[in-house]
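Asks: Structure: model.csv, CSV, C-alpha atoms.
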```csv
chain,number,residue,atom,x,y,z
A,17,MET,CA,37.3,42.6,28.4
A,18,MET,CA,35.0,43.8,25.6
A,19,TYR,CA,33.2,40.5,25.0
A,20,ARG,CA,32.3,40.2,28.7
A,21,ARG,CA,30.1,43.3,28.5
A,22,PRO,CA,26.5,42.3,29.2
A,23,LEU,CA,24.0,42.8,26.4
A,24,PHE,CA,20.4,42.5,27.5
A,25,GLY,CA,21.5,40.3,30.4
A,26,LEU,CA,23.8,38.1,28.2
A,27,THR,CA,27.4,38.4,27.3
A,28,THR,CA,28.1,39.7,23.8
A,29,MET,CA,30.4,36.9,22.6
A,30,PRO,CA,28.0,34.0,22.9
A,31,VAL,CA,25.3,36.1,21.2
A,32,LEU,CA,27.6,37.0,18.4
A,33,SER,CA,28.8,33.4,18.1
A,34,ALA,CA,25.2,32.2,17.9
A,35,LEU,CA,24.4,34.8,15.3
A,36,PHE,CA,27.4,33.7,13.2
A,37,LEU,CA,26.2,30.1,13.4
A,38,VAL,CA,22.7,31.0,12.4
A,39,ILE,CA,24.1,32.9,9.3
A,40,LEU,CA,26.0,29.8,8.3
A,41,THR,CA,23.0,27.5,8.4
A,42,THR,CA,21.2,26.5,5.2
A,43,ALA,CA,17.7,25.2,4.7
A,44,VAL,CA,17.2,21.7,6.0
A,45,GLU,CA,16.7,19.1,3.4
A,46,ALA,CA,15.4,16.2,5.4
A,47,HIS,CA,12.4,14.5,3.9
A,48,THR,CA,12.3,16.5,0.8
A,49,GLY,CA,12.4,13.2,-1.2
A,50,THR,CA,14.0,15.0,-4.1
A,51,GLY,CA,13.9,12.8,-7.2
A,52,VAL,CA,11.9,9.9,-5.7
A,53,ILE,CA,9.0,11.6,-4.2
A,54,GLY,CA,5.7,9.7,-4.3
A,55,GLY,CA,6.8,6.7,-6.3
A,56,PHE,CA,7.9,3.1,-5.9
A,57,ALA,CA,11.4,4.0,-4.8
A,58,SER,CA,10.1,6.5,-2.3
A,59,GLY,CA,7.8,4.0,-0.8
A,60,LEU,CA,10.5,1.3,-0.7
A,61,LEU,CA,13.1,3.6,0.9
A,62,HIS,CA,10.7,5.2,3.4
A,63,PRO,CA,10.7,2.3,6.0
A,64,ILE,CA,14.4,1.4,5.3
A,65,PHE,CA,15.9,4.8,5.9
A,66,GLY,CA,14.7,5.3,9.5
A,67,TRP,CA,16.7,3.4,12.1
A,68,ASP,CA,13.9,3.5,14.7
A,69,HIS,CA,11.7,1.7,12.2
A,70,VAL,CA,14.3,-0.6,10.9
A,71,VAL,CA,15.3,-2.0,14.3
A,72,ALA,CA,11.7,-2.6,15.3
A,73,MET,CA,10.8,-4.4,12.1
A,74,VAL,CA,13.9,-6.6,12.2
A,75,ALA,CA,13.2,-7.3,15.8
A,76,VAL,CA,9.7,-8.5,14.9
A,77,GLY,CA,11.1,-11.1,12.5
A,78,ARG,CA,13.7,-12.1,15.0
A,79,TRP,CA,11.3,-12.5,17.8
A,80,GLY,CA,8.9,-14.5,15.6
A,81,SER,CA,11.7,-16.9,14.7
A,82,PHE,CA,12.4,-17.4,18.4
A,83,LEU,CA,8.8,-18.2,19.1
A,84,GLY,CA,8.7,-20.8,16.4
A,85,ASN,CA,5.8,-22.0,14.3
A,86,PRO,CA,3.3,-20.3,13.6
A,87,ALA,CA,4.7,-17.1,15.1
A,88,TYR,CA,7.7,-16.8,12.8
A,89,TRP,CA,5.3,-16.2,9.8
A,90,LEU,CA,2.3,-14.9,11.7
A,91,LEU,CA,4.0,-11.9,13.3
A,92,PRO,CA,5.4,-10.6,10.0
A,93,VAL,CA,1.9,-11.0,8.5
A,94,VAL,CA,0.3,-9.1,11.4
A,95,PHE,CA,2.9,-6.3,11.4
A,96,PRO,CA,2.6,-5.1,7.8
A,97,LEU,CA,-1.2,-5.3,7.9
A,98,VAL,CA,-1.5,-3.2,11.0
A,99,VAL,CA,1.3,-0.9,9.7
A,100,ALA,CA,-1.0,-0.3,6.7
A,101,VAL,CA,-3.9,0.4,9.0
A,102,GLY,CA,-1.8,2.9,11.0
A,103,GLY,CA,-0.5,4.3,7.7
A,104,ALA,CA,-4.1,4.8,6.6
A,105,PHE,CA,-4.8,6.7,9.8
A,106,GLY,CA,-1.8,8.9,9.2
A,107,VAL,CA,-2.7,9.6,5.6
A,108,LEU,CA,-6.2,10.5,6.6
A,109,GLY,CA,-5.0,12.8,9.4
A,110,VAL,CA,-6.4,10.8,12.3
A,111,ALA,CA,-4.6,12.0,15.4
A,112,LEU,CA,-2.7,9.5,17.5
A,113,PRO,CA,-0.9,10.4,20.8
A,114,ALA,CA,2.7,9.8,21.6
A,115,VAL,CA,3.6,8.3,18.2
A,116,GLU,CA,7.4,8.9,18.5
A,117,THR,CA,7.4,7.5,22.1
A,118,GLY,CA,5.5,4.4,20.9
A,119,ILE,CA,8.0,3.8,18.1
A,120,ALA,CA,11.0,4.2,20.4
A,121,LEU,CA,9.4,2.0,23.0
A,122,SER,CA,8.8,-0.7,20.4
A,123,GLY,CA,12.5,-1.0,19.8
A,124,VAL,CA,13.1,-1.3,23.6
A,125,VAL,CA,10.3,-3.9,24.2
A,126,LEU,CA,10.9,-6.0,21.1
A,127,GLY,CA,14.7,-5.9,21.6
A,128,LEU,CA,14.2,-7.1,25.2
A,129,ALA,CA,11.9,-9.8,24.0
A,130,VAL,CA,14.6,-11.1,21.7
A,131,LEU,CA,17.4,-10.6,24.3
A,132,PHE,CA,15.6,-12.6,27.0
A,133,ALA,CA,14.0,-15.0,24.4
A,134,ILE,CA,10.6,-14.4,25.9
A,135,ARG,CA,8.2,-17.1,25.0
A,136,ALA,CA,5.0,-15.1,25.1
A,137,PRO,CA,1.7,-16.8,24.1
A,138,LEU,CA,1.0,-16.2,20.4
A,139,TRP,CA,-2.0,-13.9,21.0
A,140,VAL,CA,0.0,-11.7,23.4
A,141,ALA,CA,2.9,-11.5,20.9
A,142,ALA,CA,0.4,-10.6,18.2
A,143,ILE,CA,-1.2,-7.8,20.3
A,144,ILE,CA,2.2,-6.4,21.3
A,145,VAL,CA,3.4,-6.4,17.7
A,146,GLY,CA,0.1,-5.0,16.4
A,147,VAL,CA,0.0,-2.1,18.9
A,148,PHE,CA,3.5,-1.0,18.0
A,149,ALA,CA,2.8,-1.4,14.3
A,150,ILE,CA,0.0,1.2,14.6
A,151,PHE,CA,2.6,3.8,15.7
A,152,HIS,CA,5.1,2.9,13.0
A,153,GLY,CA,2.4,3.0,10.3
A,154,HIS,CA,0.9,6.3,11.6
A,155,ALA,CA,4.4,7.9,11.5
A,156,HIS,CA,4.9,6.9,7.9
A,157,GLY,CA,1.4,7.8,6.9
A,158,ALA,CA,1.6,11.3,8.5
A,159,GLU,CA,5.0,12.0,6.8
A,160,LEU,CA,3.8,11.0,3.4
A,161,PRO,CA,3.9,13.5,0.6
A,162,GLU,CA,1.0,14.0,-1.7
A,163,ALA,CA,2.0,10.8,-3.5
A,164,ALA,CA,2.5,11.3,-7.2
A,165,ASN,CA,1.8,7.6,-7.8
A,166,PRO,CA,0.0,6.3,-4.7
A,167,PHE,CA,-0.2,2.7,-6.0
A,168,ALA,CA,3.5,2.5,-6.7
A,169,PHE,CA,4.2,4.2,-3.3
A,170,ALA,CA,2.0,1.7,-1.5
A,171,VAL,CA,3.6,-1.3,-3.2
A,172,GLY,CA,7.1,0.0,-2.5
A,173,PHE,CA,6.3,0.7,1.1
A,174,MET,CA,4.9,-2.7,1.8
A,175,ILE,CA,7.7,-4.5,0.0
A,176,GLY,CA,10.2,-2.4,2.0
A,177,THR,CA,8.5,-3.3,5.3
A,178,GLY,CA,8.2,-7.0,4.3
A,179,LEU,CA,11.9,-7.2,3.3
A,180,LEU,CA,12.9,-5.8,6.7
A,181,HIS,CA,10.9,-8.6,8.4
A,182,MET,CA,12.5,-11.2,6.2
A,183,ALA,CA,15.9,-9.8,7.2
A,184,GLY,CA,14.8,-10.3,10.8
A,185,ILE,CA,13.7,-13.8,10.2
A,186,GLY,CA,16.9,-14.6,8.4
A,187,LEU,CA,19.0,-13.2,11.3
A,188,GLY,CA,16.8,-15.2,13.7
A,189,LEU,CA,17.7,-18.4,11.9
A,190,LEU,CA,21.3,-17.8,13.1
A,191,SER,CA,20.0,-19.1,16.4
A,192,ARG,CA,20.1,-22.6,15.0
A,193,LEU,CA,23.9,-22.4,14.7
A,194,PRO,CA,26.1,-23.5,17.6
A,195,LYS,CA,26.3,-20.4,19.9
A,196,GLY,CA,24.1,-18.7,17.4
A,197,SER,CA,21.4,-17.9,20.0
A,198,TYR,CA,23.9,-15.8,21.9
A,199,LEU,CA,24.6,-13.7,18.8
A,200,VAL,CA,20.8,-13.3,18.1
A,201,ARG,CA,20.1,-12.3,21.7
A,202,GLY,CA,23.1,-9.9,21.6
A,203,LEU,CA,21.5,-8.3,18.5
A,204,GLY,CA,18.3,-8.1,20.6
A,205,ALA,CA,20.2,-6.2,23.2
A,206,ALA,CA,21.6,-3.8,20.5
A,207,ILE,CA,18.1,-3.2,19.2
A,208,SER,CA,16.9,-2.4,22.7
A,209,LEU,CA,19.7,0.0,23.2
A,210,VAL,CA,18.9,1.8,19.9
A,211,GLY,CA,15.3,2.0,20.9
A,212,GLY,CA,16.4,3.4,24.3
A,213,ALA,CA,18.5,6.0,22.6
A,214,PHE,CA,15.5,7.2,20.6
A,215,LEU,CA,13.3,7.0,23.6
A,216,PHE,CA,15.6,9.3,25.7
A,217,GLY,CA,16.4,11.6,22.8
A,218,LEU,CA,20.0,10.5,22.4
A,219,ALA,CA,19.5,9.6,18.7
B,17,MET,CA,-25.4,49.0,-37.9
B,18,THR,CA,-25.6,51.1,-34.8
B,19,GLY,CA,-23.3,50.5,-31.8
B,20,GLY,CA,-26.2,49.0,-29.9
B,21,SER,CA,-27.2,46.7,-32.7
B,22,PHE,CA,-23.5,45.5,-33.1
B,23,ARG,CA,-23.4,44.8,-29.4
B,24,ARG,CA,-26.6,42.8,-29.9
B,25,HIS,CA,-25.8,40.9,-33.1
B,26,GLY,CA,-22.0,41.2,-33.4
B,27,TRP,CA,-21.4,38.8,-30.5
B,28,HIS,CA,-23.8,36.3,-32.0
B,29,LEU,CA,-22.0,36.6,-35.4
B,30,LEU,CA,-18.6,36.1,-33.7
B,31,ALA,CA,-19.9,33.0,-31.9
B,32,LEU,CA,-21.3,31.6,-35.1
B,33,ILE,CA,-17.9,32.1,-36.9
B,34,LEU,CA,-16.1,30.4,-34.0
B,35,ALA,CA,-18.6,27.6,-33.9
B,36,SER,CA,-18.2,27.0,-37.6
B,37,TRP,CA,-14.4,26.5,-37.0
B,38,ALA,CA,-15.0,23.9,-34.3
B,39,THR,CA,-14.4,20.3,-35.3
B,40,GLU,CA,-15.8,17.1,-33.8
B,41,THR,CA,-14.1,16.2,-30.5
B,42,ALA,CA,-11.4,13.6,-30.8
B,43,ALA,CA,-11.7,12.3,-27.2
B,44,HIS,CA,-12.6,8.6,-27.1
B,45,ASP,CA,-13.0,8.6,-30.8
B,46,TYR,CA,-12.1,4.9,-31.5
B,47,GLY,CA,-14.1,4.7,-34.8
B,48,SER,CA,-11.0,4.7,-37.0
B,49,VAL,CA,-8.9,2.4,-34.7
B,50,PRO,CA,-8.6,-1.1,-36.0
B,51,PHE,CA,-10.2,-3.9,-34.0
B,52,ASP,CA,-6.9,-5.5,-32.8
B,53,ARG,CA,-5.7,-2.1,-31.7
B,54,GLN,CA,-9.0,-1.6,-29.8
B,55,VAL,CA,-8.4,-4.9,-28.0
B,56,ALA,CA,-4.9,-3.9,-27.2
B,57,LEU,CA,-6.0,-0.6,-25.9
B,58,GLY,CA,-8.7,-2.2,-23.7
B,59,ALA,CA,-6.2,-4.8,-22.4
B,60,GLY,CA,-3.6,-2.1,-21.6
B,61,ALA,CA,-6.2,0.0,-19.8
B,62,GLY,CA,-7.2,-3.0,-17.7
B,63,LEU,CA,-3.6,-4.1,-16.9
B,64,ASN,CA,-2.6,-0.5,-15.9
B,65,ASN,CA,-5.5,0.0,-13.6
B,66,PRO,CA,-4.5,-0.5,-9.9
B,67,PHE,CA,-8.0,-1.1,-8.8
B,68,ILE,CA,-8.3,-4.0,-11.3
B,69,ARG,CA,-5.0,-5.5,-10.2
B,70,LEU,CA,-5.8,-5.1,-6.5
B,71,THR,CA,-9.2,-6.6,-6.9
B,72,LEU,CA,-8.2,-9.6,-9.0
B,73,ILE,CA,-4.8,-10.6,-7.6
B,74,PRO,CA,-6.4,-11.8,-4.3
B,75,THR,CA,-9.0,-13.7,-6.3
B,76,GLY,CA,-6.2,-15.5,-8.2
B,77,LEU,CA,-4.4,-16.3,-4.9
B,78,LEU,CA,-7.7,-17.6,-3.5
B,79,ALA,CA,-8.2,-19.8,-6.5
B,80,ALA,CA,-4.6,-21.1,-6.1
B,81,LEU,CA,-4.8,-21.9,-2.4
B,82,TRP,CA,-8.4,-22.9,-1.9
B,83,SER,CA,-9.3,-26.5,-2.8
B,84,GLY,CA,-13.0,-26.8,-2.1
B,85,PRO,CA,-15.5,-28.8,-4.2
B,86,GLY,CA,-16.9,-25.8,-6.0
B,87,LYS,CA,-13.5,-24.4,-7.1
B,88,ARG,CA,-14.2,-24.8,-10.8
B,89,TRP,CA,-17.2,-22.5,-10.4
B,90,MET,CA,-15.0,-19.6,-9.6
B,91,TRP,CA,-14.1,-18.9,-13.2
B,92,PRO,CA,-17.7,-18.8,-14.6
B,93,ALA,CA,-18.6,-16.7,-11.6
B,94,LEU,CA,-15.7,-14.2,-12.4
B,95,ILE,CA,-16.8,-14.0,-16.0
B,96,GLY,CA,-20.4,-13.6,-15.0
B,97,GLY,CA,-19.4,-10.8,-12.6
B,98,GLN,CA,-17.6,-9.1,-15.5
B,99,ILE,CA,-20.7,-9.3,-17.7
B,100,GLY,CA,-22.8,-7.9,-14.8
B,101,GLY,CA,-20.3,-5.1,-14.4
B,102,LEU,CA,-20.5,-4.3,-18.1
B,103,LEU,CA,-24.3,-4.0,-17.8
B,104,PHE,CA,-24.4,-2.1,-14.6
B,105,ALA,CA,-21.3,0.1,-14.7
B,106,VAL,CA,-23.3,3.0,-16.1
B,107,TYR,CA,-25.5,3.0,-13.0
B,108,ALA,CA,-22.6,2.7,-10.5
B,109,PRO,CA,-21.6,5.7,-8.4
B,110,PRO,CA,-18.0,6.8,-8.3
B,111,GLN,CA,-17.7,5.3,-4.8
B,112,VAL,CA,-17.6,1.9,-6.4
B,113,VAL,CA,-13.8,2.1,-6.2
B,114,ILE,CA,-14.1,1.8,-2.4
B,115,VAL,CA,-16.2,-1.3,-2.7
B,116,ALA,CA,-13.7,-2.8,-5.1
B,117,LEU,CA,-10.8,-2.2,-2.6
B,118,ALA,CA,-12.9,-3.5,0.3
B,119,THR,CA,-13.5,-6.7,-1.8
B,120,SER,CA,-9.8,-6.9,-2.4
B,121,ILE,CA,-9.0,-6.6,1.3
B,122,LEU,CA,-11.6,-9.1,2.4
B,123,THR,CA,-10.5,-11.7,-0.2
B,124,ALA,CA,-6.8,-11.2,0.7
B,125,LEU,CA,-7.5,-11.6,4.4
B,126,LEU,CA,-9.5,-14.8,3.8
B,127,VAL,CA,-6.5,-16.1,1.9
B,128,VAL,CA,-4.2,-15.2,4.8
B,129,LEU,CA,-6.5,-16.8,7.4
B,130,ALA,CA,-6.8,-20.0,5.2
B,131,TRP,CA,-10.2,-20.9,6.8
B,132,ARG,CA,-12.2,-23.8,5.5
B,133,LEU,CA,-14.7,-21.9,3.4
B,134,PRO,CA,-18.1,-23.1,2.2
B,135,TRP,CA,-17.9,-23.3,-1.6
B,136,ALA,CA,-20.4,-20.4,-2.0
B,137,VAL,CA,-18.0,-17.9,-0.4
B,138,PRO,CA,-15.1,-18.0,-3.0
B,139,VAL,CA,-17.6,-18.2,-5.8
B,140,LEU,CA,-19.4,-15.2,-4.5
B,141,LEU,CA,-16.2,-13.3,-4.0
B,142,ALA,CA,-15.1,-14.1,-7.5
B,143,THR,CA,-18.5,-12.8,-8.8
B,144,ILE,CA,-18.1,-9.6,-6.8
B,145,ALA,CA,-14.4,-9.2,-7.9
B,146,GLY,CA,-15.4,-9.6,-11.6
B,147,LEU,CA,-18.3,-7.1,-11.1
B,148,MET,CA,-16.1,-4.5,-9.4
B,149,ALA,CA,-13.2,-4.9,-11.8
B,150,MET,CA,-15.4,-4.2,-14.7
B,151,MET,CA,-17.4,-1.4,-13.1
B,152,VAL,CA,-14.4,0.6,-12.0
B,153,PRO,CA,-12.9,1.4,-15.5
B,154,LEU,CA,-16.3,1.6,-17.2
B,155,ASN,CA,-17.9,3.8,-14.5
B,156,GLY,CA,-19.2,6.9,-16.2
B,157,HIS,CA,-19.2,5.5,-19.7
B,158,ASP,CA,-22.6,5.2,-21.3
B,159,TYR,CA,-23.6,2.2,-23.4
B,160,GLY,CA,-22.1,2.2,-26.8
B,161,THR,CA,-19.6,4.9,-26.2
B,162,LEU,CA,-16.7,2.4,-26.4
B,163,PRO,CA,-16.2,0.0,-29.3
B,164,THR,CA,-16.5,-3.8,-28.8
B,165,GLY,CA,-12.7,-4.4,-29.0
B,166,ILE,CA,-12.1,-2.2,-25.9
B,167,TYR,CA,-14.6,-4.3,-23.8
B,168,LEU,CA,-13.1,-7.5,-25.1
B,169,GLY,CA,-9.6,-6.3,-24.2
B,170,LEU,CA,-10.7,-5.2,-20.8
B,171,GLY,CA,-12.4,-8.5,-20.1
B,172,ALA,CA,-9.4,-10.5,-21.3
B,173,ALA,CA,-7.0,-8.5,-19.2
B,174,MET,CA,-9.1,-9.0,-16.1
B,175,ALA,CA,-9.5,-12.7,-16.6
B,176,GLY,CA,-5.8,-12.8,-17.5
B,177,VAL,CA,-4.7,-11.1,-14.2
B,178,ALA,CA,-6.7,-13.6,-12.1
B,179,ALA,CA,-5.7,-16.6,-14.2
B,180,PHE,CA,-2.0,-15.6,-14.2
B,181,VAL,CA,-1.9,-15.3,-10.4
B,182,ALA,CA,-3.9,-18.5,-9.9
B,183,GLY,CA,-1.7,-20.4,-12.4
B,184,LEU,CA,1.5,-19.1,-11.0
B,185,GLY,CA,0.4,-19.9,-7.4
B,186,SER,CA,-0.8,-23.4,-8.4
B,187,GLY,CA,2.3,-24.1,-10.4
B,188,LEU,CA,4.6,-23.0,-7.6
B,189,LEU,CA,2.6,-25.2,-5.2
B,190,LYS,CA,3.0,-28.2,-7.5
B,191,ALA,CA,6.7,-27.6,-8.3
B,192,LEU,CA,7.6,-26.9,-4.7
B,193,PRO,CA,5.1,-28.8,-2.5
B,194,TYR,CA,6.4,-27.5,0.8
B,195,PRO,CA,4.4,-25.9,3.6
B,196,ALA,CA,6.7,-22.9,3.2
B,197,MET,CA,5.4,-22.3,-0.3
B,198,ARG,CA,1.8,-22.2,0.9
B,199,LEU,CA,2.9,-19.8,3.6
B,200,GLY,CA,4.7,-17.7,1.1
B,201,LEU,CA,1.5,-17.2,-0.9
B,202,ARG,CA,-0.4,-16.4,2.3
B,203,ILE,CA,2.2,-13.8,3.2
B,204,THR,CA,1.9,-12.4,-0.4
B,205,ALA,CA,-1.8,-12.1,0.2
B,206,SER,CA,-1.2,-10.2,3.4
B,207,TRP,CA,1.0,-7.7,1.5
B,208,VAL,CA,-1.7,-7.3,-1.1
B,209,ALA,CA,-4.2,-6.6,1.6
B,210,ALA,CA,-1.8,-4.1,3.2
B,211,ILE,CA,-1.3,-2.3,-0.2
B,212,ALA,CA,-5.0,-2.2,-0.7
B,213,ILE,CA,-5.5,-0.6,2.8
B,214,MET,CA,-2.9,2.0,2.0
B,215,TYR,CA,-4.4,2.7,-1.4
B,216,LEU,CA,-7.9,3.0,0.1
B,217,ALA,CA,-6.5,5.7,2.4
B,218,PHE,CA,-5.1,7.6,-0.7
B,219,VAL,CA,-8.5,7.2,-2.4
B,220,LEU,CA,-10.4,8.5,0.7
B,221,ARG,CA,-7.9,11.5,0.9
B,222,GLY,CA,-8.7,12.3,-2.7
B,223,ASP,CA,-5.2,11.6,-4.1
B,224,VAL,CA,-6.6,9.1,-6.6
```
Give the structure from the file, written as structure tokens.
Replies:
Amino acid sequence: MMYRRPLFGLTTMPVLSALFLVILTTAVEAHTGTGVIGGFASGLLHPIFGWDHVVAMVAVGRWGSFLGNPAYWLLPVVFPLVVAVGGAFGVLGVALPAVETGIALSGVVLGLAVLFAIRAPLWVAAIIVGVFAIFHGHAHGAELPEAANPFAFAVGFMIGTGLLHMAGIGLGLLSRLPKGSYLVRGLGAAISLVGGAFLFGLA
Amino acid sequence: MTGGSFRRHGWHLLALILASWATETAAHDYGSVPFDRQVALGAGAGLNNPFIRLTLIPTGLLAALWSGPGKRWMWPALIGGQIGGLLFAVYAPPQVVIVALATSILTALLVVLAWRLPWAVPVLLATIAGLMAMMVPLNGHDYGTLPTGIYLGLGAAMAGVAAFVAGLGSGLLKALPYPAMRLGLRITASWVAAIAIMYLAFVLRGDV
């Protein structure tokens, strides 16, 4: 058959198909930030529209609520502060290795911590959360556009991050309900799976 | 007039004609602005300045949450710092904005940590905050280039930002005297510190 004829070692049909698909493609529009670039809304939506970030930040709030006082408020304080430090590194172009791996791993580790309700000492939990926060912050900082209004962007970014933690704390409070801890731990398993999907390139 | 002589004198003549058309620059000409409008302009400039907000919001939160014996001295210290800033702004380098943000971060972190502070520390921080808050907007302005109303408006806006935050925080703590409210203010301080850290990065990158 005609399409079976080799062309430079390949068959013609797959090459033509690939060429046809290439012609069909348009310019990618991810992260163009059209309309909201560099303002409050851009900063607010930046952490909320990335599932790898969302699950980790919610997991921090959830793990904190499992660990009780003072972790339930201390971890959500530590995380945004260290995210800001990581973000500053990203903005300034300071290189950090394996950022995406660190982000995906944070979902896995924090999800597992919630799933197994690990009662880590406070300082250990703070270090784990702080280390992962550096990766999350760096990714955001490195992706930032030349912010049109840096102050509004920074305010939006921190409020978005904080709201995700609050959502995590709120979900963690479900554990006070009868059988609620099973639900919360199940959500921890889901977070871990999402993190794993990012880690192995499935998402 | 020979060609050479036109080339020599014609350009001078043209420059003279153009110079005679020139009018006095209108930038920063507040001479005709009424006093109340000057105050409003100064206050608006102060309230719209992110450095001022970031420097003074943690000071207000510190005043709301700290309950040491020398608390009442924070306000004279803040005003004193502003007067100092008024006097020394002309000598300050542009990098004063970095010191202002560092003060903001330090103060906010002290609020988050809620350590027992010796009375001199909050008073000193209030002085530095007032000094920085006034130095940042006035940096580069020589003495007498701005009318009195502008200075007055700036000072009032700065004191107003700190007083508003302190009053709001104290009021909330009185109205809702629960540990969660105190924690809420400390978490707010951590967010302010985080915003200041991000903003500092933008300043260092040259975006601001």
Asks: Counting all atoms listed in the file, what is within 9 Å of stretch 181-195 of chain A, bar same-chain residues fewer than 2 positions away, as a list in words?
Replies: Met73, Val74, Ala75, Val76, Gly77, Arg78, Trp79, Gly80, Ser81, Phe82, Tyr88, Trp89, Pro92, Phe95, Gly176, Thr177, Gly178, Leu179, Ser197, Tyr198, Leu199, Val200 and Arg201 of chain A
Asks: Output the contact residues of chain B with respect to chain A at a cut-off of 10 Å, based on all atoms listed in the file, as a PyMOL selection string.
Replies: chain B and resi 65-67+70+125+128-129+196+199-200+202-224
Asks: Between B:Met90, B:Ala105, B:Leu188, B:Leu162, which has the minimum distance to B:Val139 (counting all atoms listed in the file)?
Replies: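 Ranked by minimum distance to B:Val139, first place goes to B:Met90.
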Asks: Enter the distance from atom CA of B:Ile99 to atom CA of B:Ala130, in Å, rounded to one decimal.
Replies: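 Going from atom CA of B:Ile99 over to atom CA of B:Ala130 covers 28.8 Å.
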Asks: From the options A:Glu116, A:Ser208, A:Gly84, A:Val125, which residue's atoms come nearest to A:Val145, counting only C-alpha atoms?
Replies: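 Among the listed residues, A:Val125 lies closest to A:Val145.
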Asks: Quote the spacing between atom CA of A:Gly123 and atom CA of A:Ala72 in Å to one decimal place.
Replies: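 If I compute the distance from atom CA of A:Gly123 to atom CA of A:Ala72, I get 4.8 Å.
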Asks: Point out the residue among A:Phe214, A:Trp139, A:Phe65, A:Phe151 with the least atom-to-atom distance to A:Pro86, counting only C-alpha atoms.
Replies: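 Between A:Phe214, A:Trp139, A:Phe65, A:Phe151, the residue approaching A:Pro86 most closely is A:Trp139.
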Asks: Measure the distance from atom CA of B:Leu57 to atom CA of B:Val106 in Å and round it to one decimal.
Replies: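 Calculated distance between atom CA of B:Leu57 and atom CA of B:Val106 is 20.2 Å.
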Asks: Check the smallest atom-to-atom distance from each of B:Ala79, B:Ala118, B:Ala56, B:Ile68 to B:Ala182 using only C-alpha atoms, then report the winner.
Replies: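 For B:Ala182, the nearest of the candidates is B:Ala79.
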Asks: With all atoms listed in the file as the atoms that count, which of B:Leu147, B:Val113, B:Met174, B:Leu126 lies nearest to B:Arg69?
Replies: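 With all atoms listed in the file as the atom set, the closest residue is B:Met174.
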Asks: Excluding B:Ala61 and residues on its chain fewer than 3 positions from it, collect all residues at most 9 Å away from it, counting all atoms listed in the file, and give them as a list in words.
Replies: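 Selected residues are Ala56, Leu57, Gly58, Asn64, Asn65, Pro153, Ile166, Gly169, Leu170 and Ala173 of chain B.
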Asks: May I ask which of the residues B:Leu154, B:Leu117, B:Leu133, B:Ala59 is the closest one to B:Gly176, counting all atoms listed in the file?
Replies: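 Among the listed residues, B:Ala59 lies closest to B:Gly176.
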Asks: Can you tell me, as a list of chain:residue names, what residues are no more than 10 Å from A:Gly217 when counting all atoms listed in the file, ignoring any on the same chain fewer than 4 positions away?
Replies: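 The residues that qualify are A:Thr117, A:Ala120, A:Gly211, A:Gly212, A:Ala213.
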Asks: Quick one: everything within 9 Å of B:Ala116, counting all atoms listed in the file, minus sequence neighbours fewer than 4 positions away in the same chain. Send it as a list in words.
Replies: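 Counting only the stated atoms, we get Phe67, Ile68, Leu70, Thr71, Val112, Ser120, Ile121, Ile144, Ala145, Leu147, Met148, Ala149, Met151 and Val152 of chain B.
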